[in-house]
file run.txt (compact mmCIF, C-alpha atoms)
# COMPACT_ATOMS: atom_id res chain seq x y z
CA MET A 1 -16.64 -21.38 -7.71
CA ARG A 2 -14.08 -23.00 -10.00
CA PRO A 3 -11.04 -24.63 -8.38
CA ILE A 4 -8.28 -22.12 -7.66
CA ASP A 5 -5.71 -24.14 -9.60
CA GLU A 6 -7.93 -23.74 -12.64
CA LEU A 7 -8.31 -19.99 -12.15
CA VAL A 8 -4.60 -19.32 -11.69
CA GLN A 9 -1.81 -21.32 -13.30
CA ALA A 10 1.02 -18.98 -12.43
CA ASP A 11 3.88 -21.20 -13.58
CA GLN A 12 2.31 -21.35 -17.03
CA GLY A 13 1.52 -17.64 -17.05
CA LEU A 14 -2.26 -18.15 -17.23
CA VAL A 15 -4.85 -16.24 -15.16
CA ARG A 16 -8.54 -16.63 -15.93
CA ARG A 17 -10.40 -13.39 -16.56
CA ALA A 18 -13.14 -14.38 -14.12
CA ILE A 19 -10.99 -13.40 -11.13
CA PHE A 20 -11.32 -9.78 -12.26
CA SER A 21 -15.10 -9.75 -12.58
CA ASP A 22 -16.80 -12.61 -10.71
CA ASP A 23 -18.79 -11.66 -7.59
CA GLU A 24 -18.36 -15.03 -5.85
CA ILE A 25 -14.61 -14.88 -6.26
CA PHE A 26 -14.63 -11.33 -4.91
CA GLN A 27 -16.48 -12.36 -1.75
CA GLN A 28 -13.92 -15.09 -1.15
CA GLU A 29 -11.11 -12.54 -1.60
CA VAL A 30 -12.61 -10.34 1.10
CA LYS A 31 -12.51 -13.23 3.57
CA GLN A 32 -9.44 -15.17 2.53
CA ILE A 33 -7.09 -12.32 1.61
CA PHE A 34 -8.27 -9.13 3.34
CA GLY A 35 -9.26 -11.04 6.46
CA ARG A 36 -5.74 -12.45 6.91
CA ALA A 37 -3.08 -10.35 5.15
CA TRP A 38 -1.16 -7.40 6.56
CA LEU A 39 -2.84 -4.29 5.13
CA PHE A 40 -1.65 -0.70 4.90
CA VAL A 41 -3.92 1.54 7.01
CA GLY A 42 -2.26 4.96 6.94
CA HIS A 43 0.66 7.11 8.01
CA GLU A 44 1.32 8.38 11.52
CA SER A 45 1.57 11.94 10.21
CA LEU A 46 -2.18 11.74 9.52
CA VAL A 47 -2.78 11.53 13.30
CA PRO A 48 -0.03 13.71 14.76
CA ASN A 49 -1.79 14.71 18.01
CA PRO A 50 -3.46 12.83 20.89
CA ASP A 51 -7.09 11.93 20.11
CA ASP A 52 -6.61 12.55 16.36
CA TYR A 53 -8.32 10.01 14.13
CA PHE A 54 -8.27 9.12 10.44
CA VAL A 55 -10.89 6.86 8.88
CA SER A 56 -9.30 4.18 6.72
CA GLN A 57 -10.28 0.90 5.12
CA MET A 58 -9.29 -2.76 5.52
CA GLY A 59 -10.87 -4.75 2.73
CA THR A 60 -14.52 -3.72 2.73
CA ASP A 61 -14.48 -2.71 6.42
CA SER A 62 -14.20 0.89 7.59
CA VAL A 63 -11.63 1.28 10.38
CA ILE A 64 -10.50 4.09 12.67
CA LEU A 65 -6.79 4.86 12.85
CA THR A 66 -6.29 6.90 16.03
CA ARG A 67 -3.61 8.07 18.44
CA ASN A 68 -4.58 7.87 22.11
CA ARG A 69 -3.55 10.24 24.88
CA GLN A 70 -0.54 8.06 25.65
CA GLY A 71 0.69 8.50 22.07
CA GLN A 72 -0.07 4.93 21.00
CA ILE A 73 -1.51 4.12 17.58
CA GLN A 74 -4.73 2.08 17.53
CA VAL A 75 -6.84 0.58 14.74
CA LEU A 76 -10.52 -0.16 15.48
CA LEU A 77 -13.53 -1.27 13.46
CA ASN A 78 -15.62 1.80 12.66
CA SER A 79 -18.88 0.22 13.76
CA CYS A 80 -20.77 0.51 17.05
CA SER A 81 -21.06 -2.82 18.83
CA HIS A 82 -24.70 -2.10 19.69
CA ARG A 83 -26.38 -1.68 16.27
CA GLY A 84 -23.46 -1.27 13.90
CA MET A 85 -23.72 2.45 13.15
CA LYS A 86 -20.55 4.11 11.89
CA LEU A 87 -18.97 6.06 14.72
CA CYS A 88 -16.74 8.34 12.64
CA ARG A 89 -18.50 9.78 9.62
CA TYR A 90 -15.89 12.41 8.79
CA ASP A 91 -12.63 11.44 7.12
CA HIS A 92 -10.56 12.76 10.01
CA GLY A 93 -10.88 14.74 13.22
CA ASN A 94 -10.09 14.80 16.93
CA ASN A 95 -12.24 13.03 19.54
CA ARG A 96 -11.43 11.83 23.02
CA THR A 97 -14.28 9.33 22.81
CA PHE A 98 -16.16 7.84 19.86
CA THR A 99 -19.89 8.25 20.40
CA CYS A 100 -22.52 6.51 18.33
CA PRO A 101 -25.12 8.95 16.91
CA TYR A 102 -27.80 6.22 16.94
CA HIS A 103 -28.16 5.27 20.62
CA GLY A 104 -25.32 7.18 22.24
CA TRP A 105 -22.94 4.38 23.25
CA SER A 106 -19.43 5.80 23.62
CA PHE A 107 -16.01 4.19 23.44
CA SER A 108 -12.54 5.32 24.52
CA THR A 109 -8.91 4.52 23.72
CA ASP A 110 -7.47 6.52 26.62
CA GLY A 111 -5.27 4.21 28.68
CA GLN A 112 -6.13 6.21 31.81
CA LEU A 113 -9.80 5.28 31.44
CA VAL A 114 -9.85 1.83 29.83
CA GLU A 115 -7.90 -1.41 29.92
CA ARG A 116 -8.03 -1.97 26.19
CA PRO A 117 -8.52 0.34 23.18
CA GLY A 118 -12.12 0.89 22.16
CA GLU A 119 -13.64 -0.22 25.44
CA LEU A 120 -17.26 0.76 26.07
CA VAL A 121 -17.34 3.57 28.66
CA GLY A 122 -20.69 5.32 28.26
CA VAL A 123 -24.17 3.79 27.96
CA PRO A 124 -27.24 6.11 28.20
CA GLY A 125 -29.65 4.70 30.77
CA PHE A 126 -27.10 2.19 32.06
CA ALA A 127 -28.58 2.16 35.55
CA LYS A 128 -32.26 2.68 34.63
CA HIS A 129 -32.70 0.75 31.38
CA TYR A 130 -30.02 -1.91 31.79
CA MET A 131 -30.33 -2.09 35.59
CA SER A 132 -26.52 -1.76 35.66
CA GLU A 133 -26.29 -5.33 34.37
CA LEU A 134 -24.69 -4.76 30.95
CA ASP A 135 -21.14 -6.15 30.80
CA LYS A 136 -19.39 -3.15 29.25
CA LYS A 137 -16.05 -4.91 28.92
CA SER A 138 -17.62 -7.48 26.59
CA TRP A 139 -19.08 -4.87 24.24
CA GLY A 140 -16.15 -2.73 23.21
CA LEU A 141 -15.17 -2.02 19.62
CA LYS A 142 -13.46 -4.75 17.66
CA SER A 143 -9.71 -4.15 17.45
CA VAL A 144 -7.36 -5.48 14.83
CA ALA A 145 -5.40 -8.51 15.97
CA GLN A 146 -2.02 -6.88 15.29
CA VAL A 147 -0.82 -3.39 14.39
CA HIS A 148 2.68 -2.34 13.36
CA ASN A 149 4.28 1.06 12.85
CA TYR A 150 6.98 0.77 10.21
CA LYS A 151 8.87 4.03 9.80
CA GLY A 152 5.65 5.99 10.10
CA THR A 153 3.48 3.71 7.95
CA ILE A 154 0.76 1.91 9.89
CA TRP A 155 -0.08 -1.70 9.03
CA ALA A 156 -2.68 -4.00 10.59
CA THR A 157 -4.15 -7.48 10.26
CA TRP A 158 -7.32 -9.10 11.56
CA ASP A 159 -5.50 -12.44 11.90
CA PRO A 160 -3.87 -13.12 15.31
CA ASP A 161 -1.87 -15.95 13.73
CA ALA A 162 -0.36 -13.83 10.95
CA PRO A 163 3.44 -13.66 11.04
CA PRO A 164 5.08 -10.44 12.25
CA PHE A 165 4.92 -7.66 9.69
CA GLU A 166 8.62 -7.65 8.87
CA GLU A 167 8.51 -11.39 8.15
CA TYR A 168 5.43 -10.89 5.97
CA VAL A 169 7.08 -8.19 3.89
CA GLY A 170 10.50 -9.91 3.85
CA ASP A 171 13.40 -8.15 2.18
CA MET A 172 10.93 -6.08 0.17
CA ARG A 173 11.16 -3.85 3.25
CA LEU A 174 14.47 -2.50 1.88
CA TYR A 175 12.61 -1.02 -1.07
CA LEU A 176 9.90 0.29 1.24
CA ASP A 177 12.74 1.98 3.10
CA SER A 178 13.83 3.67 -0.10
CA ALA A 179 10.47 5.44 -0.21
CA LEU A 180 10.10 6.16 3.51
CA ASP A 181 13.64 7.14 4.48
CA HIS A 182 14.94 10.70 4.25
CA ARG A 183 16.59 11.53 0.93
CA ASP A 184 19.86 12.06 2.82
CA GLY A 185 19.92 8.42 3.96
CA ARG A 186 18.61 8.81 7.50
CA GLU A 187 16.00 6.28 8.59
CA GLY A 188 12.42 7.49 8.41
CA GLY A 189 11.83 11.21 8.22
CA SER A 190 9.03 11.35 5.64
CA GLU A 191 5.55 12.78 6.00
CA VAL A 192 2.32 12.91 4.02
CA ILE A 193 1.51 16.30 2.50
CA GLY A 194 -1.75 17.57 1.08
CA GLY A 195 -3.99 14.99 2.71
CA VAL A 196 -5.26 11.93 0.82
CA GLN A 197 -6.72 11.88 -2.67
CA LYS A 198 -9.60 9.41 -2.98
CA TRP A 199 -11.60 8.42 -6.03
CA ARG A 200 -13.47 5.43 -7.39
CA VAL A 201 -12.59 3.51 -10.53
CA LYS A 202 -14.74 0.93 -12.32
CA CYS A 203 -12.07 -1.74 -12.27
CA ASN A 204 -11.04 -4.75 -10.24
CA TRP A 205 -8.66 -3.88 -7.37
CA LYS A 206 -5.97 -6.30 -8.59
CA MET A 207 -5.41 -4.53 -11.90
CA PRO A 208 -3.60 -1.49 -10.48
CA ALA A 209 -1.72 -3.66 -7.98
CA GLU A 210 -0.42 -5.67 -10.93
CA ASN A 211 0.26 -2.50 -12.90
CA PHE A 212 2.53 -1.10 -10.17
CA ILE A 213 4.30 -4.35 -9.32
CA GLY A 214 6.43 -4.15 -12.44
CA ASP A 215 4.45 -3.86 -15.67
CA LEU A 216 6.79 -1.61 -17.63
CA TYR A 217 5.37 -3.12 -20.81
CA HIS A 218 2.31 -0.87 -20.48
CA ASP A 219 4.41 2.30 -20.81
CA ILE A 220 3.25 2.48 -24.43
CA SER A 221 0.03 3.85 -22.92
CA HIS A 222 1.85 6.94 -21.65
CA ARG A 223 3.45 8.16 -24.86
CA SER A 224 1.16 11.16 -25.09
CA VAL A 225 2.09 12.25 -21.55
CA ASP A 226 5.78 11.80 -22.29
CA ILE A 227 5.43 13.96 -25.40
CA VAL A 228 3.66 16.70 -23.43
CA GLY A 229 6.25 16.55 -20.66
CA ILE A 230 5.10 16.88 -17.07
CA GLY A 231 8.38 16.10 -15.30
CA PRO A 232 9.93 18.38 -12.67
CA SER A 233 12.84 19.38 -14.93
CA GLY A 234 10.85 20.48 -17.98
CA GLY A 235 11.09 19.00 -21.44
CA ARG A 236 9.58 15.70 -22.48
CA GLY A 237 8.89 12.86 -20.11
CA ARG A 238 7.11 12.23 -16.83
CA ARG A 239 10.05 12.20 -14.42
CA ASP A 240 13.79 12.68 -14.17
CA ALA A 241 15.95 9.84 -15.45
CA MET A 242 16.68 6.75 -13.35
CA GLN A 243 19.45 4.41 -14.46
CA GLY A 244 19.97 0.66 -14.11
CA ARG A 245 16.35 -0.41 -13.73
CA VAL A 246 15.42 -4.13 -13.47
CA ALA A 247 12.41 -6.13 -12.28
CA VAL A 248 12.72 -7.85 -8.89
CA ALA A 249 10.11 -10.36 -7.68
CA PHE A 250 9.81 -11.93 -4.25
CA LYS A 251 8.46 -15.15 -5.67
CA ASP A 252 7.35 -16.69 -2.35
CA LEU A 253 5.71 -13.56 -0.92
CA GLY A 254 3.94 -11.98 -3.91
CA HIS A 255 5.75 -8.62 -3.73
CA GLY A 256 7.65 -7.02 -6.60
CA LEU A 257 9.17 -3.85 -7.99
CA LEU A 258 11.01 -2.03 -10.75
CA GLY A 259 14.26 -0.56 -9.49
CA ASN A 260 17.94 -1.16 -8.84
CA LEU A 261 19.63 -4.20 -7.36
CA PRO A 262 21.36 -3.76 -4.00
CA HIS A 263 24.57 -1.73 -4.28
CA TYR A 264 27.21 -0.37 -1.91
CA GLU A 265 28.01 3.09 -3.15
CA GLU A 266 25.91 5.97 -4.35
CA PRO A 267 25.73 6.49 -8.14
CA ASP A 268 26.92 9.82 -9.49
CA TYR A 269 24.54 12.69 -8.84
CA SER A 270 21.93 13.21 -11.53
CA PRO A 271 20.29 16.66 -11.53
CA MET A 272 16.60 16.67 -10.68
CA TYR A 273 13.87 19.30 -10.34
CA THR A 274 16.01 21.56 -12.51
CA ALA A 275 12.96 23.64 -13.42
CA TYR A 276 13.14 24.85 -9.80
CA PRO A 277 16.74 26.00 -9.06
CA GLU A 278 16.27 26.28 -5.29
CA VAL A 279 14.68 22.83 -5.18
CA GLU A 280 17.48 21.33 -7.27
CA LYS A 281 19.94 22.87 -4.85
CA TYR A 282 18.19 21.08 -1.96
CA TYR A 283 18.38 17.70 -3.67
CA ARG A 284 22.04 18.22 -4.52
CA GLU A 285 22.77 18.99 -0.87
CA VAL A 286 20.88 15.97 0.46
CA TYR A 287 22.67 13.79 -2.12
CA GLU A 288 26.02 14.87 -0.70
CA LYS A 289 24.77 14.14 2.82
CA ARG A 290 23.50 10.76 1.64
CA VAL A 291 26.92 9.81 0.32
CA GLN A 292 28.39 10.65 3.72
CA ASN A 293 25.61 9.05 5.79
CA MET A 294 25.38 5.80 3.83
CA GLY A 295 29.12 5.20 3.44
CA ASP A 296 29.68 1.73 2.00
CA SER A 297 26.52 0.19 3.46
CA MET A 298 24.10 -1.69 1.22
CA ARG A 299 21.28 0.35 -0.22
CA VAL A 300 18.58 0.03 -2.90
CA LYS A 301 16.56 2.39 -5.04
CA HIS A 302 13.32 1.75 -6.86
CA ARG A 303 10.80 3.43 -9.08
CA VAL A 304 7.61 1.57 -8.21
CA GLY A 305 6.53 -1.58 -6.40
CA THR A 306 3.64 -3.47 -4.79
CA ILE A 307 3.37 -5.17 -1.41
CA PHE A 308 0.75 -7.93 -1.60
CA PRO A 309 -2.16 -7.54 -1.69
CA ASN A 310 -3.14 -3.90 -2.36
CA MET A 311 -0.47 -1.34 -1.43
CA SER A 312 1.88 0.17 -4.01
CA PHE A 313 4.47 2.89 -3.65
CA HIS A 314 6.81 5.03 -5.71
CA GLY A 315 10.21 5.60 -4.18
CA TRP A 316 11.52 7.97 -6.81
CA GLN A 317 9.21 10.29 -8.76
CA PRO A 318 6.46 10.80 -7.82
CA ARG A 319 7.15 9.68 -4.23
CA THR A 320 3.79 8.30 -3.18
CA ILE A 321 1.86 5.58 -1.39
CA THR A 322 -1.15 4.15 -3.20
CA VAL A 323 -3.85 1.81 -1.88
CA PHE A 324 -6.51 -0.05 -3.88
CA HIS A 325 -9.53 -0.68 -1.68
CA PRO A 326 -11.95 -3.33 -2.97
CA VAL A 327 -15.56 -2.21 -3.40
CA SER A 328 -16.91 -4.97 -5.64
CA ALA A 329 -15.60 -7.34 -8.26
CA THR A 330 -15.64 -4.51 -10.78
CA GLU A 331 -15.02 -1.39 -8.69
CA MET A 332 -12.32 -0.14 -6.35
CA GLU A 333 -11.55 3.02 -4.39
CA MET A 334 -8.05 4.31 -5.00
CA TRP A 335 -6.16 6.40 -2.44
CA ARG A 336 -2.97 8.41 -3.04
CA MET A 337 -0.74 9.81 -0.31
CA TYR A 338 2.24 11.98 -1.23
CA LEU A 339 5.54 11.80 0.65
CA VAL A 340 8.23 14.40 1.22
CA ASP A 341 11.08 14.81 3.69
CA SER A 342 9.40 16.19 6.78
CA ASP A 343 12.14 18.80 7.34
CA ALA A 344 12.39 19.90 3.71
CA PRO A 345 11.94 23.64 3.01
CA GLU A 346 8.41 24.72 2.14
CA GLU A 347 9.50 25.56 -1.41
CA VAL A 348 10.60 21.94 -1.90
CA LYS A 349 7.30 20.63 -0.53
CA GLU A 350 5.24 23.00 -2.65
CA SER A 351 7.04 22.15 -5.90
CA ALA A 352 6.64 18.45 -5.12
CA ARG A 353 2.92 18.95 -4.48
CA HIS A 354 2.40 20.60 -7.85
CA TYR A 355 4.32 17.84 -9.61
CA PHE A 356 2.39 15.11 -7.79
CA LEU A 357 -0.93 16.62 -8.84
CA ARG A 358 -0.14 16.83 -12.53
CA TYR A 359 1.25 13.26 -12.49
CA SER A 360 -1.08 11.31 -10.19
CA GLY A 361 -4.63 11.25 -8.92
CA PRO A 362 -7.95 11.54 -10.77
CA GLY A 363 -6.75 14.67 -12.57
CA GLY A 364 -3.19 13.51 -13.15
CA MET A 365 -2.21 12.92 -16.76
CA THR A 366 -0.40 9.63 -16.13
CA GLU A 367 -3.12 8.21 -13.89
CA SER A 368 -5.76 9.10 -16.47
CA ASP A 369 -4.07 6.80 -18.97
CA ASP A 370 -3.97 3.98 -16.42
CA MET A 371 -7.62 4.34 -15.47
CA GLU A 372 -8.63 4.08 -19.11
CA ASN A 373 -6.75 0.78 -19.35
CA TRP A 374 -8.09 -0.69 -16.11
CA THR A 375 -11.73 0.19 -16.71
CA GLY A 376 -11.61 -1.05 -20.28
CA ALA A 377 -10.04 -4.36 -19.34
CA THR A 378 -12.48 -4.92 -16.48
CA ALA A 379 -15.51 -4.15 -18.66
CA ALA A 380 -14.28 -6.52 -21.36
CA SER A 381 -13.83 -9.32 -18.82
CA GLN A 382 -17.44 -9.47 -17.61
CA GLY A 383 -19.09 -11.30 -20.50
CA ALA A 384 -19.97 -14.98 -20.36
CA ILE A 385 -17.49 -15.84 -23.11
CA ALA A 386 -14.75 -13.54 -21.81
CA GLN A 387 -14.83 -15.07 -18.32
CA GLU A 388 -13.86 -18.44 -19.79
CA LEU A 389 -10.66 -17.06 -21.30
CA TYR A 390 -7.22 -16.58 -19.78
CA PHE A 391 -5.04 -13.51 -19.65
CA ASN A 392 -1.49 -14.12 -20.85
CA TYR A 393 1.36 -13.60 -18.37
CA GLN A 394 4.05 -15.58 -20.18
CA MET A 395 6.65 -12.89 -20.83
CA GLY A 396 10.03 -13.92 -19.46
CA ILE A 397 9.14 -17.38 -18.13
CA GLY A 398 12.35 -19.23 -17.29
CA HIS A 399 14.59 -16.16 -17.55
CA THR A 400 15.22 -15.16 -13.94
CA LYS A 401 18.26 -15.22 -11.69
CA PRO A 402 18.43 -15.19 -7.88
CA VAL A 403 19.50 -12.02 -6.07
CA PRO A 404 22.09 -13.12 -3.49
CA GLU A 405 21.53 -10.12 -1.21
CA LEU A 406 17.74 -10.53 -1.07
CA ARG A 407 16.08 -13.61 0.42
CA GLY A 408 13.77 -15.35 -2.02
CA ALA A 409 14.14 -12.68 -4.71
CA VAL A 410 14.71 -13.16 -8.43
CA VAL A 411 15.71 -10.59 -11.00
CA SER A 412 14.57 -10.22 -14.60
CA HIS A 413 15.10 -7.68 -17.32
CA GLU A 414 12.93 -4.61 -16.90
CA PHE A 415 10.35 -5.96 -19.36
CA THR A 416 8.89 -9.12 -17.82
CA GLU A 417 5.72 -10.57 -16.29
CA GLU A 418 7.58 -12.53 -13.61
CA ASN A 419 6.42 -10.09 -10.93
CA ALA A 420 2.79 -10.58 -11.89
CA ARG A 421 3.22 -14.36 -11.83
CA ALA A 422 4.57 -14.11 -8.28
CA TYR A 423 1.63 -11.91 -7.31
CA TYR A 424 -1.03 -14.31 -8.61
CA ARG A 425 0.78 -17.34 -7.20
CA ARG A 426 0.47 -15.67 -3.80
CA TRP A 427 -3.19 -14.81 -4.52
CA ALA A 428 -3.88 -18.50 -5.14
CA GLN A 429 -2.23 -19.53 -1.87
CA PHE A 430 -4.43 -17.17 0.12
CA MET A 431 -7.56 -18.16 -1.77
CA GLU A 432 -6.90 -21.86 -1.13
CA GLY A 433 -6.84 -21.11 2.60
CA ASN A 434 -3.30 -22.38 3.12
CA SER A 435 -1.85 -22.14 6.61
CA TRP A 436 0.80 -19.58 7.46
CA ASP A 437 3.23 -22.43 8.14
CA THR A 438 2.98 -23.52 4.53
CA MET A 439 2.80 -20.00 3.06
CA MET A 440 5.78 -18.41 4.81
CA PRO A 441 9.17 -19.43 3.43
CA THR A 442 12.13 -20.24 5.66
CA TYR A 443 15.62 -19.11 4.82
CA GLU A 444 18.89 -20.56 6.04
CA LYS A 445 20.64 -17.23 6.23
CA THR A 446 19.63 -13.60 6.37
CA THR A 447 21.77 -11.76 3.86
CA ALA A 448 19.99 -8.41 3.67
CA ALA A 449 21.51 -5.52 5.61

call {"tool": "encode", "arguments": {"input": "run.txt", "output": "structure tokens"}}
result
Amino acid sequence: MRPIDELVQADQGLVRRAIFSDDEIFQQEVKQIFGRAWLFVGHESLVPNPDDYFVSQMGTDSVILTRNRQGQIQVLLNSCSHRGMKLCRYDHGNNRTFTCPYHGWSFSTDGQLVERPGELVGVPGFAKHYMSELDKKSWGLKSVAQVHNYKGTIWATWDPDAPPFEEYVGDMRLYLDSALDHRDGREGGSEVIGGVQKWRVKCNWKMPAENFIGDLYHDISHRSVDIVGIGPSGGRGRRDAMQGRVAVAFKDLGHGLLGNLPHYEEPDYSPMYTAYPEVEKYYREVYEKRVQNMGDSMRVKHRVGTIFPNMSFHGWQPRTITVFHPVSATEMEMWRMYLVDSDAPEEVKESARHYFLRYSGPGGMTESDDMENWTGATAASQGAIAQELYFNYQMGIGHTKPVPELRGAVVSHEFTEENARAYYRRWAQFMEGNSWDTMMPTYEKTTAA
């Protein structure tokens, strides 16, 4: 494989096309990035009850997100320790134990039965065939090294040496808050509605991550959708208006977004969902509560952003979480989860669901445009000549300013490729195998609220 500093020259805005199509590079990504980074696994509302499980993905590994009988969230490798068979073959369900259909080994997460999640509890023929000599405690399911519940979102890493999640995400967490918090300003309070949309796209997993991190320049692709008009207030456009948008990049962490800078008072109310009068009434009421609840505290608002490596989220419209699971160098599986206030009236949830479906997902008009771009660019990057060329990420080089309220963040105009440069700079650090001590920045003062 070519040297990483030849593949990515982020400061010059050059990224070689091979990183979007080369199989050897992809295999290194699976180990160096997905084996170490904090990865989004799911939302706690997907496993609301004891013994519920949801099958998720970490890199190319299938994992089980489950809630045990003590209410604790666990993340386990979805592979029997005996012969590797998948334990959970449905997307979700409810099981007190996970039993392998191949040879019948069973595993439990119940703290009343086992000392650690996923411990082996049942072995057919334990006394007769194994002569009671099998060390069950040594043959439990592999657990993630760390798991973190952040306002209902579940994150995990295989790396025991990875920094705590909130250090990893840095002050980008404030923008994650803007998606996860209740629209009235209370912490948390969101839930996933309508399950999870899943579909495969013949593109490299990094292309959508880059798209959502702050590539407003590609909006030319969506002109036809804007003309049709799929927004929740009728008329042309894909969403209700959002004012004051800029690009913010966390240059040392690889995260980025399009949104507002930190501010200390709520902007004037802008009507939304006006095609649904009762829904608009709800959002007007929660806006008034937000003004009261937030007071003069610092807050942010964003349209879309990416947390390195493969999780993106909309905080405005549509309000979603998106994950790009790597399948191969030229294919990914894309997941969409749709967020609403958990205590919102059913009419509000239903109108949001209809809007989400016409905007996002495999049948969504906006997403259809994006998939055409990603598949076309990936296909055109596979040839022998194409792989020797660089993509150009030079827009806005040298035109950033620091954001005093956000550690390590820089701001650009809304049209820039600074966010992508930060993303691929971080990609190169992981791919070079740098230690966490060298990859995690230190700050003299925490300024974020």

call {"tool": "residues_around", "arguments": {"input": "run.txt", "residues": "Tyr102 in chain A", "least_positions_apart": "3", "cutoff": "12 Å", "atoms": "all atoms listed in the file", "output": "list in words"}}
result
Ser79, Cys80, Ser81, His82, Arg83, Gly84, Met85, Lys86, Leu87, Thr99, Trp105, Ser106, Val123 and Pro124 of chain A

call {"tool": "atom_distance", "arguments": {"input": "run.txt", "atom1": "CA of Leu76 in chain A", "atom2": "CA of Leu141 in chain A"}}
result
6.5 Å

call {"tool": "closest_residue", "arguments": {"input": "run.txt", "among": "A:Asp184, A:Glu119, A:Asp23, A:Glu350", "to": "Lys142 in chain A", "atoms": "all atoms listed in the file"}}
result
A:Glu119

call {"tool": "closest_residue", "arguments": {"input": "run.txt", "among": "A:Met371, A:Ala352, A:Ala344, A:Leu357", "to": "Gly189 in chain A", "atoms": "all atoms listed in the file"}}
result
A:Ala344

call {"tool": "residues_around", "arguments": {"input": "run.txt", "residues": "Pro3 in chain A", "least_positions_apart": "3", "cutoff": "10 Å", "atoms": "only C-alpha atoms", "output": "MDAnalysis selection string"}}
result
chainID A and resid 6:8 428 431:432

call {"tool": "residues_around", "arguments": {"input": "run.txt", "residues": "Leu216 in chain A", "least_positions_apart": "3", "cutoff": "10 Å", "atoms": "all atoms listed in the file", "output": "list in words"}}
result
Asn211, Phe212, Ile213, Asp219, Ile220, Val246, Ala247, Leu258, Val304, Glu414, Phe415, Thr416 and Glu417 of chain A

call {"tool": "closest_residue", "arguments": {"input": "run.txt", "among": "A:Gln9, A:Trp139, A:Gln317, A:Ser45", "to": "Ile230 in chain A", "atoms": "all atoms listed in the file"}}
result
A:Gln317

call {"tool": "residues_around", "arguments": {"input": "run.txt", "residues": "range 391-404 of chain A", "least_positions_apart": "4", "cutoff": "9 Å", "atoms": "only C-alpha atoms", "output": "PyMOL selection string"}}
result
chain A and resi 10-17+248+261-262+408-413+415-418+420-421+447-448

call {"tool": "write_last_selection", "arguments": {"input": "run.txt", "atoms": "C-alpha atoms", "output": "mmCIF file, in the frame of the given file"}}
result
data_model
loop_
_atom_site.group_PDB
_atom_site.id
_atom_site.type_symbol
_atom_site.label_atom_id
_atom_site.label_comp_id
_atom_site.auth_asym_id
_atom_site.auth_seq_id
_atom_site.Cartn_x
_atom_site.Cartn_y
_atom_site.Cartn_z
ATOM 1 C CA ALA A 10 1.020 -18.980 -12.430
ATOM 2 C CA ASP A 11 3.880 -21.200 -13.580
ATOM 3 C CA GLN A 12 2.310 -21.350 -17.030
ATOM 4 C CA GLY A 13 1.520 -17.640 -17.050
ATOM 5 C CA LEU A 14 -2.260 -18.150 -17.230
ATOM 6 C CA VAL A 15 -4.850 -16.240 -15.160
ATOM 7 C CA ARG A 16 -8.540 -16.630 -15.930
ATOM 8 C CA ARG A 17 -10.400 -13.390 -16.560
ATOM 9 C CA VAL A 248 12.720 -7.850 -8.890
ATOM 10 C CA LEU A 261 19.630 -4.200 -7.360
ATOM 11 C CA PRO A 262 21.360 -3.760 -4.000
ATOM 12 C CA GLY A 408 13.770 -15.350 -2.020
ATOM 13 C CA ALA A 409 14.140 -12.680 -4.710
ATOM 14 C CA VAL A 410 14.710 -13.160 -8.430
ATOM 15 C CA VAL A 411 15.710 -10.590 -11.000
ATOM 16 C CA SER A 412 14.570 -10.220 -14.600
ATOM 17 C CA HIS A 413 15.100 -7.680 -17.320
ATOM 18 C CA PHE A 415 10.350 -5.960 -19.360
ATOM 19 C CA THR A 416 8.890 -9.120 -17.820
ATOM 20 C CA GLU A 417 5.720 -10.570 -16.290
ATOM 21 C CA GLU A 418 7.580 -12.530 -13.610
ATOM 22 C CA ALA A 420 2.790 -10.580 -11.890
ATOM 23 C CA ARG A 421 3.220 -14.360 -11.830
ATOM 24 C CA THR A 447 21.770 -11.760 3.860
ATOM 25 C CA ALA A 448 19.990 -8.410 3.670
#

call {"tool": "atom_distance", "arguments": {"input": "run.txt", "atom1": "CA of Arg353 in chain A", "atom2": "CA of Arg186 in chain A"}}
result
22.2 Å

call {"tool": "closest_residue", "arguments": {"input": "run.txt", "among": "A:His314, A:Lys281, A:Lys289, A:Lys198", "to": "Val348 in chain A", "atoms": "only C-alpha atoms"}}
result
A:Lys281

call {"tool": "atom_distance", "arguments": {"input": "run.txt", "atom1": "CA of Gly315 in chain A", "atom2": "CA of Val41 in chain A"}}
result
18.5 Å

call {"tool": "closest_residue", "arguments": {"input": "run.txt", "among": "A:Asn373, A:Asn419, A:Ser342, A:Thr306", "to": "Val169 in chain A", "atoms": "only C-alpha atoms"}}
result
A:Thr306

call {"tool": "residues_near_point", "arguments": {"input": "run.txt", "point": "(-2.4, -7.8, 1.3)", "cutoff": "7 Å", "atoms": "all atoms listed in the file", "output": "PyMOL selection string"}}
result
chain A and resi 33-34+37-39+307-310

call {"tool": "write_last_selection", "arguments": {"input": "run.txt", "atoms": "C-alpha atoms", "output": "PDB file, in the frame of the given file"}}
result
ATOM      1  CA  ILE A  33      -7.090 -12.320   1.610  1.00  0.00           C
ATOM      2  CA  PHE A  34      -8.270  -9.130   3.340  1.00  0.00           C
ATOM      3  CA  ALA A  37      -3.080 -10.350   5.150  1.00  0.00           C
ATOM      4  CA  TRP A  38      -1.160  -7.400   6.560  1.00  0.00           C
ATOM      5  CA  LEU A  39      -2.840  -4.290   5.130  1.00  0.00           C
ATOM      6  CA  ILE A 307       3.370  -5.170  -1.410  1.00  0.00           C
ATOM      7  CA  PHE A 308       0.750  -7.930  -1.600  1.00  0.00           C
ATOM      8  CA  PRO A 309      -2.160  -7.540  -1.690  1.00  0.00           C
ATOM      9  CA  ASN A 310      -3.140  -3.900  -2.360  1.00  0.00           C
TER      10      ASN A 310
END
